[in-house]
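Asker: Next comes input.cif, mmCIF, C-alpha atoms and all ligand atoms:
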data_protein
loop_
_atom_site.label_atom_id
_atom_site.label_comp_id
_atom_site.auth_asym_id
_atom_site.auth_seq_id
_atom_site.Cartn_x
_atom_site.Cartn_y
_atom_site.Cartn_z
CA MET A 1 41.47 -50.75 7.61
CA LEU A 2 42.19 -50.40 11.34
CA ARG A 3 42.00 -53.46 13.63
CA LEU A 4 40.44 -52.95 17.06
CA ALA A 5 40.72 -55.62 19.78
CA ILE A 6 38.02 -55.71 22.44
CA GLN A 7 37.14 -58.21 25.17
CA LYS A 8 35.10 -61.11 23.81
CA SER A 9 32.95 -61.59 26.86
CA GLY A 10 33.27 -59.92 30.22
CA ARG A 11 32.94 -56.67 32.08
CA LEU A 12 34.47 -54.56 29.32
CA SER A 13 32.58 -56.05 26.38
CA GLU A 14 29.21 -54.36 26.47
CA ASP A 15 30.47 -50.82 27.06
CA SER A 16 33.24 -51.23 24.47
CA LEU A 17 30.68 -52.22 21.81
CA LYS A 18 28.36 -49.43 22.95
CA LEU A 19 31.11 -46.82 22.53
CA ILE A 20 31.86 -48.00 19.00
CA ARG A 21 28.16 -47.90 18.10
CA GLU A 22 27.78 -44.41 19.63
CA CYS A 23 30.60 -43.34 17.32
CA GLY A 24 28.21 -44.17 14.45
CA ILE A 25 30.16 -47.27 13.48
CA SER A 26 27.89 -50.12 12.40
CA PHE A 27 28.73 -53.81 12.44
CA ILE A 28 26.98 -57.10 12.87
CA ASN A 29 27.83 -58.48 16.29
CA SER A 30 27.78 -62.22 16.65
CA SER A 31 28.95 -63.82 19.86
CA LEU A 32 30.07 -66.82 17.80
CA LYS A 33 32.48 -64.89 15.60
CA LEU A 34 36.05 -63.96 16.45
CA LYS A 35 36.03 -60.90 14.21
CA THR A 36 33.68 -58.58 12.34
CA GLU A 37 34.11 -55.78 9.84
CA SER A 38 32.23 -52.51 10.08
CA THR A 39 29.82 -51.84 7.26
CA ASN A 40 30.37 -48.05 7.26
CA PHE A 41 33.84 -47.32 8.73
CA PRO A 42 37.28 -48.84 7.93
CA LEU A 43 37.38 -50.82 11.16
CA GLU A 44 37.70 -54.52 11.90
CA ILE A 45 36.87 -55.76 15.40
CA LEU A 46 38.69 -58.72 16.98
CA TYR A 47 37.17 -60.38 20.05
CA LEU A 48 39.82 -61.57 22.51
CA ARG A 49 40.46 -62.29 26.19
CA ASP A 50 41.25 -58.99 27.88
CA ASP A 51 44.64 -60.19 29.15
CA ASP A 52 45.78 -60.86 25.57
CA ILE A 53 44.83 -57.42 24.22
CA PRO A 54 47.94 -55.40 25.25
CA GLY A 55 50.27 -58.05 23.81
CA TYR A 56 48.42 -58.25 20.52
CA VAL A 57 48.46 -54.46 20.18
CA ALA A 58 52.17 -54.28 21.07
CA ASP A 59 52.90 -56.96 18.45
CA GLY A 60 50.76 -55.25 15.81
CA VAL A 61 48.32 -58.17 15.45
CA ALA A 62 45.72 -55.55 16.39
CA ASP A 63 46.34 -51.82 15.82
CA ILE A 64 44.30 -50.55 18.74
CA GLY A 65 42.43 -52.05 21.69
CA ILE A 66 40.26 -51.40 24.71
CA VAL A 67 41.43 -52.83 28.05
CA GLY A 68 41.38 -52.06 31.78
CA GLU A 69 44.26 -49.96 33.12
CA ASN A 70 44.76 -52.63 35.78
CA VAL A 71 45.66 -55.22 33.13
CA LEU A 72 47.68 -52.71 31.09
CA VAL A 73 49.83 -51.66 34.05
CA GLU A 74 50.19 -55.21 35.39
CA GLU A 75 51.54 -56.26 31.99
CA GLY A 76 53.94 -53.29 31.92
CA MET A 77 52.32 -51.85 28.78
CA GLN A 78 51.37 -48.34 30.01
CA HIS A 79 53.22 -46.80 27.06
CA LEU A 80 50.45 -48.02 24.74
CA ALA A 81 47.75 -45.88 26.44
CA VAL A 82 46.07 -43.22 24.30
CA GLU A 83 42.92 -42.18 26.12
CA GLN A 84 40.89 -43.01 29.23
CA LEU A 85 37.35 -44.01 28.31
CA GLY A 86 35.45 -43.49 31.56
CA PHE A 87 33.77 -46.90 31.89
CA SER A 88 34.55 -50.21 33.69
CA LYS A 89 35.69 -48.19 36.68
CA CYS A 90 37.01 -50.26 39.55
CA ARG A 91 39.89 -50.31 41.98
CA LEU A 92 42.45 -52.77 43.28
CA SER A 93 42.27 -52.86 47.04
CA LEU A 94 43.87 -54.68 49.93
CA ALA A 95 41.41 -56.48 52.18
CA VAL A 96 41.77 -58.46 55.40
CA PRO A 97 39.38 -60.73 57.36
CA LYS A 98 36.89 -58.38 58.99
CA SER A 99 37.67 -59.62 62.50
CA ASP A 100 41.41 -58.88 62.11
CA SER A 101 42.70 -55.72 63.70
CA TYR A 102 44.25 -53.39 61.17
CA SER A 103 45.49 -49.87 61.67
CA SER A 104 47.95 -49.22 58.85
CA ILE A 105 49.78 -50.76 55.92
CA SER A 106 52.73 -51.65 58.16
CA ASP A 107 50.47 -54.30 59.73
CA LEU A 108 51.04 -56.30 56.52
CA GLN A 109 54.80 -56.53 57.13
CA GLY A 110 55.83 -60.19 56.80
CA LYS A 111 52.28 -61.32 55.98
CA SER A 112 51.18 -63.29 52.92
CA ILE A 113 48.91 -61.63 50.35
CA ALA A 114 47.05 -63.39 47.53
CA THR A 115 46.45 -61.49 44.29
CA SER A 116 46.20 -61.73 40.50
CA TYR A 117 48.12 -58.44 40.24
CA PRO A 118 51.58 -59.16 41.74
CA LYS A 119 53.41 -56.32 39.97
CA ILE A 120 50.96 -53.56 40.91
CA LEU A 121 50.86 -54.89 44.48
CA GLN A 122 54.66 -55.15 44.75
CA THR A 123 55.03 -51.56 43.53
CA TYR A 124 52.56 -50.37 46.15
CA LEU A 125 54.20 -52.33 48.97
CA THR A 126 57.66 -51.10 48.00
CA GLU A 127 56.43 -47.49 47.91
CA ASN A 128 55.10 -47.99 51.42
CA GLY A 129 58.22 -49.73 52.72
CA VAL A 130 56.42 -53.00 53.43
CA GLN A 131 57.81 -56.47 52.71
CA ALA A 132 55.21 -59.20 52.28
CA ASN A 133 54.97 -62.58 50.57
CA ILE A 134 52.88 -62.27 47.44
CA HIS A 135 51.01 -65.39 46.28
CA THR A 136 49.93 -65.04 42.66
CA ILE A 137 46.67 -66.83 41.92
CA SER A 138 44.55 -66.38 38.82
CA GLY A 139 41.02 -66.52 40.24
CA SER A 140 38.83 -66.74 43.36
CA VAL A 141 41.32 -64.57 45.23
CA GLU A 142 38.70 -63.54 47.79
CA ILE A 143 38.49 -67.03 49.31
CA ALA A 144 42.26 -67.23 49.99
CA PRO A 145 42.12 -66.01 53.63
CA SER A 146 39.26 -68.33 54.60
CA ILE A 147 41.11 -71.41 53.29
CA GLY A 148 44.33 -70.39 55.01
CA LEU A 149 46.23 -69.57 51.83
CA ALA A 150 46.94 -65.95 52.72
CA ASP A 151 46.51 -63.35 55.47
CA ALA A 152 45.19 -60.70 53.11
CA ILE A 153 44.20 -60.21 49.48
CA CYS A 154 44.61 -57.56 46.83
CA ASP A 155 41.77 -57.76 44.33
CA ILE A 156 39.37 -55.81 42.12
CA VAL A 157 36.58 -54.04 43.96
CA SER A 158 33.69 -52.08 42.52
CA SER A 159 30.84 -52.06 45.04
CA GLY A 160 32.57 -54.05 47.75
CA SER A 161 29.75 -56.60 48.11
CA THR A 162 31.98 -59.54 47.10
CA LEU A 163 34.39 -58.64 49.88
CA ILE A 164 31.62 -58.43 52.45
CA SER A 165 30.12 -61.75 51.42
CA ASN A 166 33.55 -63.35 51.91
CA GLY A 167 33.98 -61.85 55.38
CA LEU A 168 36.61 -59.34 54.24
CA ARG A 169 37.14 -55.65 54.89
CA GLU A 170 38.73 -53.20 52.45
CA VAL A 171 41.70 -51.53 54.15
CA GLU A 172 43.78 -49.84 51.42
CA ARG A 173 43.04 -48.61 47.91
CA VAL A 174 46.02 -49.63 45.82
CA PHE A 175 45.15 -48.66 42.24
CA LYS A 176 42.28 -46.91 40.43
CA SER A 177 41.30 -48.28 37.05
CA GLN A 178 39.03 -47.60 34.11
CA ALA A 179 38.87 -48.71 30.50
CA VAL A 180 41.53 -47.19 28.27
CA LEU A 181 42.08 -47.03 24.52
CA ILE A 182 45.52 -48.32 23.55
CA ALA A 183 47.37 -48.18 20.24
CA ASN A 184 50.44 -49.68 18.61
CA GLY A 185 53.18 -47.06 18.47
CA GLY A 186 54.10 -47.70 14.85
CA LEU A 187 50.88 -47.18 12.91
CA ASP A 188 51.35 -46.18 9.27
CA ALA A 189 49.95 -42.86 8.01
CA GLU A 190 46.74 -44.41 6.69
CA LYS A 191 45.96 -46.21 9.95
CA GLN A 192 46.89 -43.13 12.00
CA GLU A 193 44.40 -41.14 9.92
CA ILE A 194 41.61 -43.65 10.70
CA LEU A 195 42.56 -43.58 14.38
CA ASN A 196 42.38 -39.77 14.36
CA LYS A 197 38.87 -39.96 12.87
CA LEU A 198 37.85 -42.48 15.50
CA LEU A 199 39.28 -40.33 18.32
CA PHE A 200 37.43 -37.30 16.95
CA ARG A 201 34.17 -39.26 17.21
CA ILE A 202 35.02 -40.62 20.68
CA HIS A 203 35.61 -37.07 21.90
CA ALA A 204 32.24 -35.99 20.49
CA VAL A 205 30.52 -38.89 22.29
CA GLN A 206 32.30 -37.99 25.55
CA ARG A 207 31.33 -34.31 25.24
CA ALA A 208 27.71 -35.26 24.64
CA GLN A 209 27.70 -37.35 27.83
CA LYS A 210 28.93 -34.50 30.03
P1 LIG A 301 38.65 -62.65 30.24
O1 LIG A 301 37.85 -63.91 30.12
O2 LIG A 301 38.50 -61.78 29.02
O3 LIG A 301 40.08 -62.88 30.64
P2 LIG A 301 38.31 -61.61 32.97
O4 LIG A 301 37.51 -62.57 33.77
O5 LIG A 301 39.78 -61.53 33.15
O6 LIG A 301 37.93 -61.82 31.43
P3 LIG A 301 36.45 -59.46 33.67
O7 LIG A 301 36.00 -59.91 35.01
O8 LIG A 301 35.47 -59.51 32.56
O9 LIG A 301 37.82 -60.12 33.22
O10 LIG A 301 36.98 -57.97 33.85
C1 LIG A 301 37.54 -57.26 32.78
C2 LIG A 301 38.00 -55.91 33.28
O11 LIG A 301 36.86 -55.14 33.69
C3 LIG A 301 38.90 -55.94 34.51
O12 LIG A 301 40.25 -56.15 34.18
C4 LIG A 301 38.66 -54.56 35.10
O13 LIG A 301 39.40 -53.57 34.38
C5 LIG A 301 37.19 -54.35 34.82
N1 LIG A 301 36.37 -54.80 35.95
C6 LIG A 301 36.48 -55.94 36.64
N2 LIG A 301 35.56 -56.04 37.61
C7 LIG A 301 34.81 -54.93 37.53
C8 LIG A 301 33.70 -54.46 38.24
N3 LIG A 301 33.15 -55.14 39.24
N4 LIG A 301 33.17 -53.28 37.86
C9 LIG A 301 33.69 -52.60 36.85
N5 LIG A 301 34.77 -52.99 36.14
C10 LIG A 301 35.33 -54.15 36.47
ZN ZN A 302 41.16 -61.65 31.83
#
Here is a file; write its structure as structure tokens.

Answerer:
Amino acid sequence: MLRLAIQKSGRLSEDSLKLIRECGISFINSSLKLKTESTNFPLEILYLRDDDIPGYVADGVADIGIVGENVLVEEGMQHLAVEQLGFSKCRLSLAVPKSDSYSSISDLQGKSIATSYPKILQTYLTENGVQANIHTISGSVEIAPSIGLADAICDIVSSGSTLISNGLREVERVFKSQAVLIANGGLDAEKQEILNKLLFRIHAVQRAQK
């Protein structure tokens, strides 16, 4: 039996469940339960917060998982990645108040930037030779400039409408993300065999969608 961790409720949940179903794997989904077993494939599904998924897979509590690359990279767990899944596409972008003048990344030198992704942001700033003060906050990042907490933000963007409604303008794309399948590096032969079967089915689903 292979244990798969997926997000309990959020932007990854629906498409993660859909992918598993499209692989012909049946299970009874109850939003009240923390885990379910498939009725026709040796798979158990654990429902967790997305941020906890890389750690649980690294520790072997779950064997495999589905998580956003943004969370995986922020947690320094890129080595667990097996396969990009093509959904939950978004990007991490820098944004400034729309009335601020901005011509290049060097305009952020010495400024303060609010984000929930301090490591990814620091890497990007270092690559671009910019020193800024990063304020790590866990939510509602987009209001930080309007309350005087920061000069700029680095946050998840998909359509950009949240930025616009908060009076912000996207100025740099920092990181592109999509959902990714991750796996513990030390699976035994039996679990590896189940994972191979699952990957075979995922590839068939992906080919059919092209
Ligand atoms: P949890 O309660 O599990 O911690 P969360 O609030 O941290 O959830 P969500 O907002 O559900 O997370 O986002 C989960 C992941 O989905 C993000 O890490 C990102 O990879 C992706 N994502 C976030 N926002 C969008 C979006 N607008 N469009 C597409 N994908 C997104
Ligand atoms: Zn989360």

Asker: For ligand ZN 302 (chain A), collect every residue having any atom at a distance of at most 12 Å from a ligand atom (counting all atoms listed in the file); output as a ChimeraX atom specification.

Answerer: /A:6-13,48-54,67-68,70-72,74-75,116-117,138-139,156

Asker: Find the nearest atom pair between each residue of region 117-142 of chain A and region 108-113 of chain A for residues within 6 Å, count all atoms listed in the file, give distances in Å to one decimal, sort rows by chain and ascending number, and present the table as CSV.

Answerer:
residue,atom,partner,partner_atom,distance
A:Val130,CA,A:Gln109,CA,5.4
A:Gln131,CA,A:Gln109,CA,5.3
A:Ala132,CA,A:Gly110,CA,4.7
A:Asn133,CA,A:Ser112,CA,4.5
A:Ile134,CA,A:Ile113,CA,5.0
A:His135,CA,A:Ile113,CA,5.9

Asker: Box for ligand LIG 301 (chain A) - axis-aligned, 4 Å on each of the six sides, all listed atoms - centre and size in Å to one decimal, as JSON.

Answerer:
{"center_x": 36.7, "center_y": -58.3, "center_z": 34.1, "size_x": 15.1, "size_y": 19.3, "size_z": 18.2}

Asker: Just checking: using all atoms listed in the file, which residue out of A:Ser99, A:Gln206, A:Ser16, A:Asn128 ends up closest to Pro145 (chain A)?

Answerer: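 Closest to Pro145 (chain A), using all atoms listed in the file: A:Ser99.
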
Asker: Mind pulling up the distance from CA of Tyr47 (chain A) to CA of Ser140 (chain A)?

Answerer: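 So the two atoms, CA of Ser140 (chain A) and CA of Tyr47 (chain A), lie 24.2 Å apart.
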
Asker: Give the answer as one residue: which of A:Arg207, A:Ile143, A:Ile105, A:Ile202 has the shortest atom-to-atom distance to Gly24 (chain A), using only C-alpha atoms?

Answerer: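 Closest to Gly24 (chain A), using only C-alpha atoms: A:Ile202.
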
Asker: Looking at all atoms listed in the file, which of A:Val174, A:Ile20, A:Val73, A:Ala204 is the one that sits closest to ligand LIG 301 (chain A)?

Answerer: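 Distance minimum relative to ligand LIG 301 (chain A) lands on A:Val73.
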
Asker: For a quick check of understanding, using all atoms listed in the file, which of A:Val96, A:Ile45, A:Glu172, A:Ile164 has the smallest distance to Ala62 (chain A)?

Answerer: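 Closest candidate: A:Ile45.
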
Asker: So that I can check the surroundings of region 180-187 of chain A, please list as a ChimeraX atom specification every protein, DNA and RNA residue that reaches within 10 Å of it, counting only C-alpha atoms and ignoring chain neighbours fewer than 3 positions away.

Answerer: /A:2,4-6,16,53-70,72,77-88,177,190-193,195,199

Asker: So, counting all atoms listed in the file, which residue among A:Val157, A:Val171, A:Ala189, A:Leu19 is closest to Val141 (chain A)?

Answerer: A:Val157

Asker: Please provide the set of residues having any atom within 8 Å of Phe175 (chain A), restricted to only C-alpha atoms, with same-chain residues fewer than 6 positions apart removed, written as a list in words.

Answerer: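 Final neighbour list, sorted by chain and number: Asn70, Arg91, Leu92, Ser93 and Ile120 of chain A.
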
Asker: Quick one, how far is CA of Asp100 (chain A) from atom C8 of ligand LIG 301 (chain A)?

Answerer: 25.5 Å

Asker: Rounded to one decimal, what separation in Å do you get between atom O6 of ligand LIG 301 (chain A) and CA of Gln209 (chain A)?

Answerer: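 Computing it gives 26.8 Å between the two atoms.
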
Asker: For a quick check of understanding, using all atoms listed in the file, which of A:Thr126, A:Thr115, A:Gln178, A:Thr162 has the smallest distance to ligand LIG 301 (chain A)?

Answerer: A:Gln178

Asker: Because the input lacks atoms here, generate N, CA and C atoms for region 157-184 of chain A and report them as an mmCIF file, in the coordinates of the input.

Answerer:
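That gives us part.cif:
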data_model
loop_
_atom_site.group_PDB
_atom_site.id
_atom_site.type_symbol
_atom_site.label_atom_id
_atom_site.label_comp_id
_atom_site.auth_asym_id
_atom_site.auth_seq_id
_atom_site.Cartn_x
_atom_site.Cartn_y
_atom_site.Cartn_z
ATOM 1 N N VAL A 157 37.784 -54.378 43.196
ATOM 2 C CA VAL A 157 36.580 -54.040 43.960
ATOM 3 C C VAL A 157 35.799 -53.026 43.138
ATOM 4 N N SER A 158 34.479 -53.196 43.037
ATOM 5 C CA SER A 158 33.690 -52.080 42.520
ATOM 6 C C SER A 158 32.709 -51.625 43.593
ATOM 7 N N SER A 159 31.767 -52.472 43.981
ATOM 8 C CA SER A 159 30.840 -52.060 45.040
ATOM 9 C C SER A 159 31.329 -52.498 46.423
ATOM 10 N N GLY A 160 32.103 -53.551 46.470
ATOM 11 C CA GLY A 160 32.570 -54.050 47.750
ATOM 12 C C GLY A 160 31.733 -55.211 48.283
ATOM 13 N N SER A 161 30.645 -55.552 47.585
ATOM 14 C CA SER A 161 29.750 -56.600 48.110
ATOM 15 C C SER A 161 30.399 -57.984 48.096
ATOM 16 N N THR A 162 31.290 -58.242 47.128
ATOM 17 C CA THR A 162 31.980 -59.540 47.100
ATOM 18 C C THR A 162 32.887 -59.699 48.312
ATOM 19 N N LEU A 163 33.540 -58.595 48.684
ATOM 20 C CA LEU A 163 34.390 -58.640 49.880
ATOM 21 C C LEU A 163 33.560 -58.968 51.107
ATOM 22 N N ILE A 164 32.460 -58.246 51.268
ATOM 23 C CA ILE A 164 31.620 -58.430 52.450
ATOM 24 C C ILE A 164 31.104 -59.864 52.528
ATOM 25 N N SER A 165 30.673 -60.393 51.378
ATOM 26 C CA SER A 165 30.120 -61.750 51.420
ATOM 27 C C SER A 165 31.198 -62.802 51.682
ATOM 28 N N ASN A 166 32.470 -62.428 51.565
ATOM 29 C CA ASN A 166 33.550 -63.350 51.910
ATOM 30 C C ASN A 166 34.197 -63.004 53.250
ATOM 31 N N GLY A 167 33.509 -62.160 54.035
ATOM 32 C CA GLY A 167 33.980 -61.850 55.380
ATOM 33 C C GLY A 167 35.237 -60.980 55.384
ATOM 34 N N LEU A 168 35.409 -60.163 54.345
ATOM 35 C CA LEU A 168 36.610 -59.340 54.240
ATOM 36 C C LEU A 168 36.272 -57.859 54.366
ATOM 37 N N ARG A 169 37.288 -57.090 54.685
ATOM 38 C CA ARG A 169 37.140 -55.650 54.890
ATOM 39 C C ARG A 169 38.211 -54.940 54.065
ATOM 40 N N GLU A 170 37.785 -53.972 53.276
ATOM 41 C CA GLU A 170 38.730 -53.200 52.450
ATOM 42 C C GLU A 170 39.535 -52.281 53.355
ATOM 43 N N VAL A 171 40.881 -52.359 53.254
ATOM 44 C CA VAL A 171 41.700 -51.530 54.150
ATOM 45 C C VAL A 171 42.592 -50.534 53.425
ATOM 46 N N GLU A 172 42.951 -50.799 52.170
ATOM 47 C CA GLU A 172 43.780 -49.840 51.420
ATOM 48 C C GLU A 172 43.357 -49.869 49.956
ATOM 49 N N ARG A 173 43.269 -48.695 49.351
ATOM 50 C CA ARG A 173 43.040 -48.610 47.910
ATOM 51 C C ARG A 173 44.396 -48.502 47.226
ATOM 52 N N VAL A 174 44.688 -49.483 46.394
ATOM 53 C CA VAL A 174 46.020 -49.630 45.820
ATOM 54 C C VAL A 174 46.124 -48.979 44.440
ATOM 55 N N PHE A 175 45.070 -49.091 43.652
ATOM 56 C CA PHE A 175 45.150 -48.660 42.240
ATOM 57 C C PHE A 175 43.751 -48.381 41.728
ATOM 58 N N LYS A 176 43.571 -47.243 41.052
ATOM 59 C CA LYS A 176 42.280 -46.910 40.430
ATOM 60 C C LYS A 176 42.337 -47.241 38.955
ATOM 61 N N SER A 177 41.282 -47.842 38.443
ATOM 62 C CA SER A 177 41.300 -48.280 37.050
ATOM 63 C C SER A 177 40.032 -47.896 36.302
ATOM 64 N N GLN A 178 40.172 -47.716 35.022
ATOM 65 C CA GLN A 178 39.030 -47.600 34.110
ATOM 66 C C GLN A 178 39.467 -48.123 32.757
ATOM 67 N N ALA A 179 38.530 -48.249 31.842
ATOM 68 C CA ALA A 179 38.870 -48.710 30.500
ATOM 69 C C ALA A 179 39.699 -47.656 29.782
ATOM 70 N N VAL A 180 40.648 -48.110 28.983
ATOM 71 C CA VAL A 180 41.530 -47.190 28.270
ATOM 72 C C VAL A 180 41.693 -47.667 26.826
ATOM 73 N N LEU A 181 41.778 -46.695 25.917
ATOM 74 C CA LEU A 181 42.080 -47.030 24.520
ATOM 75 C C LEU A 181 43.594 -47.094 24.369
ATOM 76 N N ILE A 182 44.074 -48.173 23.764
ATOM 77 C CA ILE A 182 45.520 -48.320 23.550
ATOM 78 C C ILE A 182 45.799 -48.433 22.058
ATOM 79 N N ALA A 183 47.019 -48.095 21.655
ATOM 80 C CA ALA A 183 47.370 -48.180 20.240
ATOM 81 C C ALA A 183 48.818 -48.610 20.071
ATOM 82 N N ASN A 184 49.068 -49.328 19.002
ATOM 83 C CA ASN A 184 50.440 -49.680 18.610
ATOM 84 C C ASN A 184 51.177 -48.389 18.261
#
